[in-house]
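Listing of upload.pdb; format and content: PDB, C-alpha atoms and all ligand atoms.
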```pdb
ATOM      1  CA  MET A   1     -51.704 -74.052 -77.636
ATOM      2  CA  THR A   2     -51.223 -71.716 -74.715
ATOM      3  CA  PRO A   3     -51.921 -73.346 -71.348
ATOM      4  CA  LYS A   4     -53.872 -71.668 -68.594
ATOM      5  CA  LEU A   5     -51.059 -72.402 -66.119
ATOM      6  CA  ILE A   6     -47.901 -74.499 -65.928
ATOM      7  CA  ASP A   7     -47.148 -76.445 -62.733
ATOM      8  CA  ILE A   8     -43.362 -76.330 -63.001
ATOM      9  CA  HIS A   9     -42.673 -79.074 -60.456
ATOM     10  CA  SER A  10     -44.720 -82.221 -59.886
ATOM     11  CA  HIS A  11     -43.918 -85.891 -59.351
ATOM     12  CA  ILE A  12     -46.534 -87.917 -61.212
ATOM     13  CA  ASN A  13     -43.520 -90.097 -62.007
ATOM     14  CA  PHE A  14     -43.384 -91.133 -58.300
ATOM     15  CA  ASN A  15     -44.942 -94.226 -56.757
ATOM     16  CA  ALA A  16     -47.782 -92.190 -55.213
ATOM     17  CA  PHE A  17     -49.240 -92.117 -58.764
ATOM     18  CA  LYS A  18     -48.244 -95.582 -59.935
ATOM     19  CA  ASP A  19     -51.827 -96.772 -60.324
ATOM     20  CA  ASP A  20     -53.402 -93.716 -61.927
ATOM     21  CA  GLY A  21     -50.637 -91.471 -63.293
ATOM     22  CA  LYS A  22     -52.135 -91.372 -66.773
ATOM     23  CA  ASP A  23     -55.604 -90.456 -65.442
ATOM     24  CA  VAL A  24     -54.104 -87.643 -63.403
ATOM     25  CA  ILE A  25     -52.221 -86.352 -66.468
ATOM     26  CA  ARG A  26     -55.374 -86.584 -68.591
ATOM     27  CA  ARG A  27     -57.427 -84.397 -66.258
ATOM     28  CA  THR A  28     -54.505 -81.970 -65.933
ATOM     29  CA  LEU A  29     -54.234 -81.502 -69.705
ATOM     30  CA  ASP A  30     -58.024 -81.371 -70.115
ATOM     31  CA  ALA A  31     -58.067 -78.412 -67.717
ATOM     32  CA  GLY A  32     -55.495 -76.625 -69.890
ATOM     33  CA  ILE A  33     -52.709 -77.122 -67.358
ATOM     34  CA  TRP A  34     -49.211 -78.278 -68.262
ATOM     35  CA  THR A  35     -46.557 -79.679 -65.952
ATOM     36  CA  ILE A  36     -42.902 -80.587 -65.646
ATOM     37  CA  LEU A  37     -42.387 -84.027 -64.071
ATOM     38  CA  VAL A  38     -39.315 -83.909 -61.885
ATOM     39  CA  GLY A  39     -37.002 -86.837 -61.233
ATOM     40  CA  SER A  40     -35.072 -87.303 -57.988
ATOM     41  CA  GLN A  41     -32.927 -90.310 -58.961
ATOM     42  CA  MET A  42     -32.131 -92.234 -62.158
ATOM     43  CA  ASP A  43     -35.294 -94.360 -62.172
ATOM     44  CA  THR A  44     -37.726 -91.528 -61.452
ATOM     45  CA  SER A  45     -35.900 -89.317 -63.970
ATOM     46  CA  GLU A  46     -36.253 -92.004 -66.639
ATOM     47  CA  ARG A  47     -39.919 -92.375 -65.762
ATOM     48  CA  ALA A  48     -40.406 -88.590 -66.144
ATOM     49  CA  VAL A  49     -38.956 -88.743 -69.658
ATOM     50  CA  TRP A  50     -41.060 -91.814 -70.463
ATOM     51  CA  TYR A  51     -44.256 -89.986 -69.460
ATOM     52  CA  ALA A  52     -43.271 -86.866 -71.424
ATOM     53  CA  GLU A  53     -42.766 -88.973 -74.554
ATOM     54  CA  GLN A  54     -46.404 -90.113 -74.430
ATOM     55  CA  TYR A  55     -47.813 -86.609 -75.016
ATOM     56  CA  LYS A  56     -47.435 -84.268 -77.959
ATOM     57  CA  GLU A  57     -47.316 -81.248 -75.696
ATOM     58  CA  GLY A  58     -47.927 -80.210 -72.125
ATOM     59  CA  ILE A  59     -45.867 -82.827 -70.264
ATOM     60  CA  TYR A  60     -42.130 -82.270 -69.848
ATOM     61  CA  ALA A  61     -39.312 -83.783 -67.797
ATOM     62  CA  ALA A  62     -36.542 -82.651 -65.464
ATOM     63  CA  VAL A  63     -33.773 -85.147 -64.734
ATOM     64  CA  GLY A  64     -31.416 -85.138 -61.790
ATOM     65  CA  LEU A  65     -30.232 -86.562 -58.491
ATOM     66  CA  HIS A  66     -31.800 -85.091 -55.327
ATOM     67  CA  PRO A  67     -29.362 -84.441 -52.437
ATOM     68  CA  ILE A  68     -31.229 -86.746 -50.036
ATOM     69  CA  HIS A  69     -30.609 -89.699 -52.334
ATOM     70  CA  LEU A  70     -26.859 -89.782 -51.755
ATOM     71  CA  VAL A  71     -27.230 -91.797 -48.543
ATOM     72  CA  GLU A  72     -29.633 -94.409 -47.304
ATOM     73  CA  ALA A  73     -32.110 -93.131 -44.748
ATOM     74  CA  HIS A  74     -35.715 -93.499 -43.769
ATOM     75  CA  PHE A  75     -37.856 -90.401 -44.158
ATOM     76  CA  ASP A  76     -41.234 -89.988 -42.625
ATOM     77  CA  VAL A  77     -42.212 -86.840 -44.499
ATOM     78  CA  ASN A  78     -45.021 -85.948 -42.130
ATOM     79  CA  GLU A  79     -42.935 -86.406 -39.044
ATOM     80  CA  VAL A  80     -40.142 -84.299 -40.524
ATOM     81  CA  GLU A  81     -42.535 -81.482 -41.408
ATOM     82  CA  ALA A  82     -44.124 -81.565 -37.980
ATOM     83  CA  LYS A  83     -40.724 -81.184 -36.331
ATOM     84  CA  ASP A  84     -39.566 -78.330 -38.547
ATOM     85  CA  LYS A  85     -39.706 -75.304 -36.299
ATOM     86  CA  THR A  86     -37.495 -72.989 -38.321
ATOM     87  CA  SER A  87     -39.081 -72.836 -41.737
ATOM     88  CA  GLY A  88     -42.718 -72.113 -40.966
ATOM     89  CA  PHE A  89     -43.804 -75.479 -42.284
ATOM     90  CA  PRO A  90     -47.233 -76.912 -41.559
ATOM     91  CA  ARG A  91     -47.627 -78.397 -38.110
ATOM     92  CA  LYS A  92     -50.912 -79.950 -39.130
ATOM     93  CA  PRO A  93     -50.086 -83.565 -39.973
ATOM     94  CA  ASP A  94     -51.169 -84.966 -43.309
ATOM     95  CA  VAL A  95     -53.316 -88.075 -43.035
ATOM     96  CA  GLN A  96     -51.750 -89.723 -46.072
ATOM     97  CA  ASN A  97     -48.625 -91.787 -45.608
ATOM     98  CA  LEU A  98     -45.712 -90.471 -47.669
ATOM     99  CA  ALA A  99     -42.907 -92.193 -45.779
ATOM    100  CA  PHE A 100     -40.073 -93.622 -47.862
ATOM    101  CA  THR A 101     -36.557 -94.995 -47.598
ATOM    102  CA  SER A 102     -34.064 -93.197 -49.811
ATOM    103  CA  ARG A 103     -31.932 -95.421 -51.986
ATOM    104  CA  PRO A 104     -28.330 -94.187 -52.185
ATOM    105  CA  GLU A 105     -27.043 -93.391 -55.653
ATOM    106  CA  VAL A 106     -23.746 -92.108 -57.072
ATOM    107  CA  PHE A 107     -24.205 -89.500 -59.809
ATOM    108  CA  ASP A 108     -23.439 -91.109 -63.161
ATOM    109  CA  TYR A 109     -22.715 -88.139 -65.430
ATOM    110  CA  ASN A 110     -22.904 -89.981 -68.740
ATOM    111  CA  ARG A 111     -26.125 -91.824 -67.937
ATOM    112  CA  TYR A 112     -27.788 -88.589 -66.864
ATOM    113  CA  LYS A 113     -26.405 -86.825 -69.929
ATOM    114  CA  LYS A 114     -28.272 -89.245 -72.180
ATOM    115  CA  ILE A 115     -31.676 -88.420 -70.690
ATOM    116  CA  ALA A 116     -30.735 -84.754 -70.218
ATOM    117  CA  GLU A 117     -30.296 -84.408 -73.976
ATOM    118  CA  HIS A 118     -33.787 -85.762 -74.665
ATOM    119  CA  GLN A 119     -35.924 -83.153 -76.408
ATOM    120  CA  LYS A 120     -38.664 -83.394 -73.757
ATOM    121  CA  THR A 121     -36.183 -82.736 -70.946
ATOM    122  CA  VAL A 122     -36.362 -79.055 -70.067
ATOM    123  CA  ALA A 123     -34.209 -78.886 -66.914
ATOM    124  CA  ILE A 124     -31.523 -80.566 -64.803
ATOM    125  CA  GLY A 125     -32.823 -81.394 -61.333
ATOM    126  CA  GLU A 126     -34.032 -81.604 -58.845
ATOM    127  CA  CYS A 127     -30.530 -81.125 -57.580
ATOM    128  CA  GLY A 128     -29.080 -78.970 -54.844
ATOM    129  CA  LEU A 129     -28.444 -79.057 -51.104
ATOM    130  CA  ASP A 130     -30.579 -80.313 -48.206
ATOM    131  CA  TYR A 131     -29.112 -79.818 -44.724
ATOM    132  CA  PHE A 132     -32.445 -79.940 -42.952
ATOM    133  CA  ARG A 133     -32.986 -83.637 -43.196
ATOM    134  CA  ILE A 134     -29.436 -84.744 -42.408
ATOM    135  CA  THR A 135     -29.279 -82.867 -39.108
ATOM    136  CA  GLN A 136     -32.053 -85.116 -37.843
ATOM    137  CA  LEU A 137     -30.432 -88.297 -38.981
ATOM    138  CA  VAL A 138     -26.739 -88.601 -38.351
ATOM    139  CA  THR A 139     -23.819 -87.637 -36.130
ATOM    140  CA  HIS A 140     -21.866 -84.428 -36.627
ATOM    141  CA  THR A 141     -18.880 -86.038 -38.399
ATOM    142  CA  ALA A 142     -21.093 -87.940 -40.771
ATOM    143  CA  GLN A 143     -22.973 -84.721 -41.500
ATOM    144  CA  HIS A 144     -19.808 -83.034 -42.713
ATOM    145  CA  GLU A 145     -19.099 -85.892 -45.102
ATOM    146  CA  ILE A 146     -22.632 -85.860 -46.446
ATOM    147  CA  ILE A 147     -22.528 -82.102 -46.980
ATOM    148  CA  GLU A 148     -19.305 -82.404 -48.992
ATOM    149  CA  LYS A 149     -20.861 -85.160 -51.064
ATOM    150  CA  GLN A 150     -23.964 -83.028 -51.702
ATOM    151  CA  LYS A 151     -21.877 -80.064 -52.825
ATOM    152  CA  GLU A 152     -19.761 -82.162 -55.174
ATOM    153  CA  THR A 153     -22.808 -83.877 -56.695
ATOM    154  CA  PHE A 154     -24.522 -80.521 -57.164
ATOM    155  CA  ARG A 155     -21.476 -79.085 -58.955
ATOM    156  CA  GLN A 156     -21.480 -82.057 -61.335
ATOM    157  CA  GLN A 157     -25.107 -81.344 -62.207
ATOM    158  CA  VAL A 158     -24.369 -77.654 -62.766
ATOM    159  CA  ALA A 159     -21.681 -78.801 -65.207
ATOM    160  CA  LEU A 160     -24.171 -81.085 -66.933
ATOM    161  CA  ALA A 161     -26.706 -78.243 -67.244
ATOM    162  CA  ARG A 162     -24.006 -76.111 -68.818
ATOM    163  CA  GLU A 163     -23.022 -78.848 -71.257
ATOM    164  CA  VAL A 164     -26.547 -79.648 -72.446
ATOM    165  CA  LYS A 165     -27.595 -75.974 -72.279
ATOM    166  CA  LYS A 166     -30.613 -76.510 -70.045
ATOM    167  CA  PRO A 167     -31.581 -74.611 -66.880
ATOM    168  CA  LEU A 168     -31.375 -75.909 -63.310
ATOM    169  CA  MET A 169     -34.306 -77.046 -61.161
ATOM    170  CA  ILE A 170     -32.881 -76.480 -57.703
ATOM    171  CA  HIS A 171     -33.901 -78.013 -54.370
ATOM    172  CA  CYS A 172     -32.530 -76.164 -51.345
ATOM    173  CA  ARG A 173     -33.417 -76.608 -47.707
ATOM    174  CA  ASN A 174     -31.588 -74.929 -44.804
ATOM    175  CA  ALA A 175     -28.599 -74.384 -47.109
ATOM    176  CA  TYR A 176     -29.259 -71.155 -49.017
ATOM    177  CA  GLU A 177     -25.928 -69.564 -48.121
ATOM    178  CA  ASP A 178     -23.812 -72.470 -49.384
ATOM    179  CA  LEU A 179     -25.997 -72.826 -52.460
ATOM    180  CA  ILE A 180     -25.556 -69.175 -53.440
ATOM    181  CA  GLN A 181     -21.810 -69.496 -52.994
ATOM    182  CA  ILE A 182     -21.645 -72.495 -55.326
ATOM    183  CA  LEU A 183     -23.856 -70.792 -57.926
ATOM    184  CA  LYS A 184     -21.489 -67.826 -57.898
ATOM    185  CA  GLU A 185     -18.342 -69.966 -58.089
ATOM    186  CA  GLU A 186     -19.809 -72.012 -60.918
ATOM    187  CA  LYS A 187     -20.940 -68.838 -62.723
ATOM    188  CA  ALA A 188     -24.418 -70.318 -62.892
ATOM    189  CA  TYR A 189     -25.959 -66.986 -63.918
ATOM    190  CA  ASP A 190     -25.336 -67.930 -67.519
ATOM    191  CA  ILE A 191     -27.148 -71.249 -67.023
ATOM    192  CA  GLY A 192     -30.137 -69.940 -65.079
ATOM    193  CA  GLY A 193     -33.053 -71.828 -63.632
ATOM    194  CA  ASP A 194     -35.485 -71.931 -60.746
ATOM    195  CA  ILE A 195     -35.232 -72.240 -56.975
ATOM    196  CA  HIS A 196     -38.042 -74.698 -56.318
ATOM    197  CA  PHE A 197     -40.184 -74.543 -53.126
ATOM    198  CA  PHE A 198     -38.748 -71.189 -52.116
ATOM    199  CA  VAL A 199     -39.117 -70.609 -48.360
ATOM    200  CA  SER A 200     -36.764 -67.854 -47.345
ATOM    201  CA  SER A 201     -36.386 -64.122 -46.856
ATOM    202  CA  LYS A 202     -36.286 -61.030 -49.079
ATOM    203  CA  GLU A 203     -32.514 -60.832 -48.550
ATOM    204  CA  VAL A 204     -32.011 -64.361 -49.904
ATOM    205  CA  ALA A 205     -34.492 -63.718 -52.737
ATOM    206  CA  LYS A 206     -32.536 -60.618 -53.718
ATOM    207  CA  GLN A 207     -29.390 -62.693 -54.200
ATOM    208  CA  PHE A 208     -31.163 -65.212 -56.443
ATOM    209  CA  LEU A 209     -32.620 -62.343 -58.482
ATOM    210  CA  GLY A 210     -29.099 -61.002 -58.883
ATOM    211  CA  LEU A 211     -28.022 -64.382 -60.268
ATOM    212  CA  GLY A 212     -30.945 -64.347 -62.730
ATOM    213  CA  PHE A 213     -32.872 -67.177 -61.053
ATOM    214  CA  THR A 214     -36.627 -67.386 -60.618
ATOM    215  CA  MET A 215     -38.273 -68.683 -57.435
ATOM    216  CA  SER A 216     -41.325 -70.940 -57.358
ATOM    217  CA  PHE A 217     -43.996 -71.157 -54.669
ATOM    218  CA  THR A 218     -46.185 -74.036 -53.519
ATOM    219  CA  GLY A 219     -49.433 -74.732 -51.653
ATOM    220  CA  VAL A 220     -47.679 -73.419 -48.524
ATOM    221  CA  LEU A 221     -48.979 -69.973 -49.597
ATOM    222  CA  THR A 222     -52.550 -71.160 -49.019
ATOM    223  CA  PHE A 223     -52.122 -72.035 -45.347
ATOM    224  CA  THR A 224     -49.606 -69.528 -43.978
ATOM    225  CA  HIS A 225     -48.958 -65.826 -44.525
ATOM    226  CA  ASP A 226     -45.262 -66.263 -43.675
ATOM    227  CA  TYR A 227     -44.195 -65.796 -47.301
ATOM    228  CA  ASP A 228     -46.615 -63.064 -48.398
ATOM    229  CA  GLU A 229     -43.969 -60.409 -47.894
ATOM    230  CA  VAL A 230     -41.351 -62.150 -50.018
ATOM    231  CA  VAL A 231     -43.929 -62.820 -52.763
ATOM    232  CA  GLU A 232     -44.801 -59.118 -52.695
ATOM    233  CA  TYR A 233     -41.127 -58.274 -52.979
ATOM    234  CA  ILE A 234     -40.127 -60.518 -55.915
ATOM    235  CA  PRO A 235     -41.159 -59.010 -59.289
ATOM    236  CA  LEU A 236     -43.968 -61.059 -60.865
ATOM    237  CA  GLU A 237     -41.690 -61.741 -63.874
ATOM    238  CA  ASN A 238     -39.404 -63.757 -61.568
ATOM    239  CA  ILE A 239     -42.056 -65.928 -59.935
ATOM    240  CA  LEU A 240     -43.181 -69.419 -60.975
ATOM    241  CA  VAL A 241     -45.829 -71.730 -59.480
ATOM    242  CA  GLU A 242     -45.687 -75.416 -58.625
ATOM    243  CA  THR A 243     -47.573 -78.078 -56.673
ATOM    244  CA  ASP A 244     -44.683 -80.432 -55.750
ATOM    245  CA  ALA A 245     -47.400 -83.120 -55.950
ATOM    246  CA  PRO A 246     -47.934 -85.527 -54.222
ATOM    247  CA  TYR A 247     -46.695 -83.341 -51.309
ATOM    248  CA  VAL A 248     -48.033 -80.135 -49.688
ATOM    249  CA  SER A 249     -51.603 -79.966 -50.991
ATOM    250  CA  PRO A 250     -53.040 -76.460 -50.957
ATOM    251  CA  VAL A 251     -56.160 -75.535 -49.003
ATOM    252  CA  PRO A 252     -58.861 -76.941 -49.452
ATOM    253  CA  PHE A 253     -57.135 -80.263 -50.176
ATOM    254  CA  ARG A 254     -54.939 -80.538 -47.049
ATOM    255  CA  GLY A 255     -54.468 -84.162 -46.004
ATOM    256  CA  LYS A 256     -55.154 -85.461 -49.517
ATOM    257  CA  ARG A 257     -52.708 -86.357 -52.277
ATOM    258  CA  ASN A 258     -51.730 -83.250 -54.219
ATOM    259  CA  GLU A 259     -51.883 -83.081 -58.044
ATOM    260  CA  PRO A 260     -51.015 -80.546 -60.791
ATOM    261  CA  LEU A 261     -54.652 -79.490 -61.215
ATOM    262  CA  TYR A 262     -54.448 -77.702 -57.854
ATOM    263  CA  VAL A 263     -51.752 -75.291 -59.074
ATOM    264  CA  GLU A 264     -54.590 -72.872 -59.750
ATOM    265  CA  TYR A 265     -55.112 -72.332 -55.998
ATOM    266  CA  ILE A 266     -51.487 -71.262 -55.643
ATOM    267  CA  ALA A 267     -51.586 -68.943 -58.670
ATOM    268  CA  ARG A 268     -54.712 -67.302 -57.229
ATOM    269  CA  ARG A 269     -52.872 -66.619 -53.976
ATOM    270  CA  ILE A 270     -50.075 -64.931 -55.953
ATOM    271  CA  ALA A 271     -52.676 -62.700 -57.643
ATOM    272  CA  GLU A 272     -54.205 -61.902 -54.251
ATOM    273  CA  ILE A 273     -50.861 -61.048 -52.644
ATOM    274  CA  LYS A 274     -49.794 -58.966 -55.672
ATOM    275  CA  LYS A 275     -53.252 -57.305 -55.789
ATOM    276  CA  LEU A 276     -53.437 -57.916 -59.535
ATOM    277  CA  PRO A 277     -56.185 -59.429 -61.743
ATOM    278  CA  GLU A 278     -56.015 -63.239 -61.914
ATOM    279  CA  ASP A 279     -55.958 -63.302 -65.738
ATOM    280  CA  GLN A 280     -52.969 -61.044 -65.904
ATOM    281  CA  VAL A 281     -51.082 -63.033 -63.261
ATOM    282  CA  PHE A 282     -51.879 -66.411 -64.861
ATOM    283  CA  GLN A 283     -50.663 -65.179 -68.269
ATOM    284  CA  GLN A 284     -47.469 -63.763 -66.825
ATOM    285  CA  LEU A 285     -46.728 -66.993 -64.905
ATOM    286  CA  VAL A 286     -47.028 -68.967 -68.159
ATOM    287  CA  LEU A 287     -44.753 -66.517 -69.992
ATOM    288  CA  ASN A 288     -42.182 -66.750 -67.200
ATOM    289  CA  THR A 289     -42.170 -70.552 -67.373
ATOM    290  CA  LYS A 290     -41.737 -70.571 -71.148
ATOM    291  CA  ARG A 291     -38.860 -68.120 -70.844
ATOM    292  CA  VAL A 292     -36.994 -70.051 -68.119
ATOM    293  CA  PHE A 293     -37.461 -73.559 -69.528
ATOM    294  CA  LYS A 294     -37.346 -72.499 -73.200
ATOM    295  CA  PHE A 295     -40.516 -74.102 -74.501
TER     296      PHE A 295
HETATM  297 ZN    ZN B   1     -39.864 -82.109 -55.653
END
```

Using the file provided, produce a representation of the structure as structure tokens.
Ligand SMILES: [Zn+2]
Amino acid sequence: MTPKLIDIHSHINFNAFKDDGKDVIRRTLDAGIWTILVGSQMDTSERAVWYAEQYKEGIYAAVGLHPIHLVEAHFDVNEVEAKDKTSGFPRKPDVQNLAFTSRPEVFDYNRYKKIAEHQKTVAIGECGLDYFRITQLVTHTAQHEIIEKQKETFRQQVALAREVKKPLMIHCRNAYEDLIQILKEEKAYDIGGDIHFFVSSKEVAKQFLGLGFTMSFTGVLTFTHDYDEVVEYIPLENILVETDAPYVSPVPFRGKRNEPLYVEYIARRIAEIKKLPEDQVFQQLVLNTKRVFKF
């Protein structure tokens, strides 16, 4: 079956969906929408694979260790977004409470390799670099240590992606320059993958295109025009769509829990910005996803 759209990055495997994950997946599949459930630590990665196993098609997993889970810290997602003055993030606070305390984890290559090899696992991630959150949390010296740890852990996951021959699902916040440098040093162009939640400039986009990476966009496109220009610039063949549910609900669902069904609102914005018919854009987005994640 060919889906109408594929939400390439959602977290139905997170606690926000612990009571109704299967219902959410059911209405997603019934609407002809597929999704990749993305892990951020070992337990959420295992849960992504577990969910994917329950469905013949349409639900896939990405397994990896997110850079914010290398140290223990308390994150109030809404507060962090409200304070973010540099990235054009929403100032409007969400009413839902998405606060969490990150549990520190050391990347266990062999344990991740086991779930990475699973046939329903289509990517390694989310992995990458996140300098935004650490600058709000710790002293300068500690920051340096954390950054080194993030880089090392990311390189290990690039190596894993290479070994299991699966693409990368990359998280990057306020660290694009360092990320590009690592991708070049690791020769990641022959691994490929996606830069999830892309929020940067044409210049940065150009470098990812040169490395053969796609960039995916979220509900952010529905409440700010800050990224219209970069969406216009990136060829449609190199764009993917995602919800990042439960976070960043698109208009008209701001303040509510996000879910993969809403990916349609983001795809429509891409069609609008590209001034192309919706059907054509939806079909191309699906083709792009199948090409990048090989399913
Ligand atoms: Zn995510």

- [ ] Would you list the contacts of Gly193 (chain A) as a PyMOL selection string, taking every protein, DNA or RNA residue within 9 Å and counting only C-alpha atoms, but skipping same-chain residues closer than 2 positions in sequence?
- [x] chain A and resi 123-124+166-170+188-189+191+195+212-215+292-293

What are the nearest atom pairs, with distances in Å to one decimal, for all residues of chain A that come at most 7 Å from ligand ZN 1 (chain B), using all atoms listed in the file, set out by chain and rising residue number as JSON lines?
```
{"residue": "A:His9", "atom": "CA", "partner": "B:ZN1", "partner_atom": "ZN", "distance": 6.3}
{"residue": "A:Ser10", "atom": "CA", "partner": "B:ZN1", "partner_atom": "ZN", "distance": 6.4}
{"residue": "A:His11", "atom": "CA", "partner": "B:ZN1", "partner_atom": "ZN", "distance": 6.7}
{"residue": "A:Val38", "atom": "CA", "partner": "B:ZN1", "partner_atom": "ZN", "distance": 6.5}
{"residue": "A:Glu126", "atom": "CA", "partner": "B:ZN1", "partner_atom": "ZN", "distance": 6.7}
{"residue": "A:Asp244", "atom": "CA", "partner": "B:ZN1", "partner_atom": "ZN", "distance": 5.1}
```

Open item on the list: Evaluated on this file, the PyMOL selection byres (((chain A and resi 253) around 12) and not hetatm) picks out some residues - which ones are they, written as number ranges by chain?
Closed with: A: 94-96, 219-220, 222-223, 243, 245-252, 254-259, 261-263, 265-266

Open item on the list: Can you tell me which residues surround Ala175 (chain A) at a distance of at most 8 Å, considering only C-alpha atoms, apart from same-chain residues fewer than 5 positions away, and format the answer as an NGL selection string?
Closed with: :A and (129-132)

Please dump the current selection as an mmCIF file, keeping the file's coordinate frame; keep C-alpha atoms.
```cif
data_model
loop_
_atom_site.group_PDB
_atom_site.id
_atom_site.type_symbol
_atom_site.label_atom_id
_atom_site.label_comp_id
_atom_site.auth_asym_id
_atom_site.auth_seq_id
_atom_site.Cartn_x
_atom_site.Cartn_y
_atom_site.Cartn_z
ATOM 1 C CA LEU A 129 -28.444 -79.057 -51.104
ATOM 2 C CA ASP A 130 -30.579 -80.313 -48.206
ATOM 3 C CA TYR A 131 -29.112 -79.818 -44.724
ATOM 4 C CA PHE A 132 -32.445 -79.940 -42.952
#
```

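Closest approach to Ala52 (chain A) among A:Tyr112, A:Lys120, A:Ile239, A:Asp19 is made by A:Lys120 (distances from all atoms listed in the file).
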
- [ ] To verify the selection step, state as a VMD selection string which residues the PyMOL selection byres (((chain A and resi 60) around 7) and not hetatm) yields on this input.
- [x] chain A and resid 35 to 37 52 58 to 59 61 120 to 122

- [ ] Apply the PyMOL selection byres (((chain A and resi 144-158) around 9) and not hetatm) to the file shown and report the selected residues as a ChimeraX atom specification.
- [x] /A:64-68,70-71,106-107,109,124-125,127-131,134,139-143,159-163,167-168,178-179,182-183,186,188,191

Task: Distance query 12 Å from (-30.3, -91.4, -71.3) using all atoms listed in the file, result as number ranges by chain - done: A: 42-43, 45-50, 63-64, 108-121

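From CA of Pro260 (chain A) back to CA of Arg26 (chain A), the distance works out to 10.8 Å.
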
Task: Distance of CA of Thr101 (chain A) from CA of Glu72 (chain A), expressed in Å to one decimal place - done: 7.0 Å

Using C-alpha atoms, give me region 6-24 of chain A from the structure I just pasted, as a short mmCIF file (atom, residue, chain, number, x, y, z; two decimals), in the first residue's frame.
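File produced: result.cif:
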```cif
data_model
loop_
_atom_site.label_atom_id
_atom_site.label_comp_id
_atom_site.auth_asym_id
_atom_site.auth_seq_id
_atom_site.Cartn_x
_atom_site.Cartn_y
_atom_site.Cartn_z
CA ILE A 6 4.70 9.57 6.18
CA ASP A 7 5.39 11.42 9.44
CA ILE A 8 9.10 10.64 9.64
CA HIS A 9 9.54 11.58 13.30
CA SER A 10 7.04 11.02 16.11
CA HIS A 11 7.25 9.75 19.68
CA ILE A 12 4.18 7.63 20.32
CA ASN A 13 6.69 5.49 22.22
CA PHE A 14 6.98 8.30 24.85
CA ASN A 15 5.06 8.55 28.11
CA ALA A 16 2.76 11.25 26.70
CA PHE A 17 1.03 8.37 24.85
CA LYS A 18 1.31 5.65 27.48
CA ASP A 19 -2.44 5.35 27.95
CA ASP A 20 -3.61 5.52 24.35
CA GLY A 21 -0.64 4.86 22.05
CA LYS A 22 -2.40 2.06 20.20
CA ASP A 23 -5.53 4.18 19.62
CA VAL A 24 -3.40 6.99 18.24
#
```
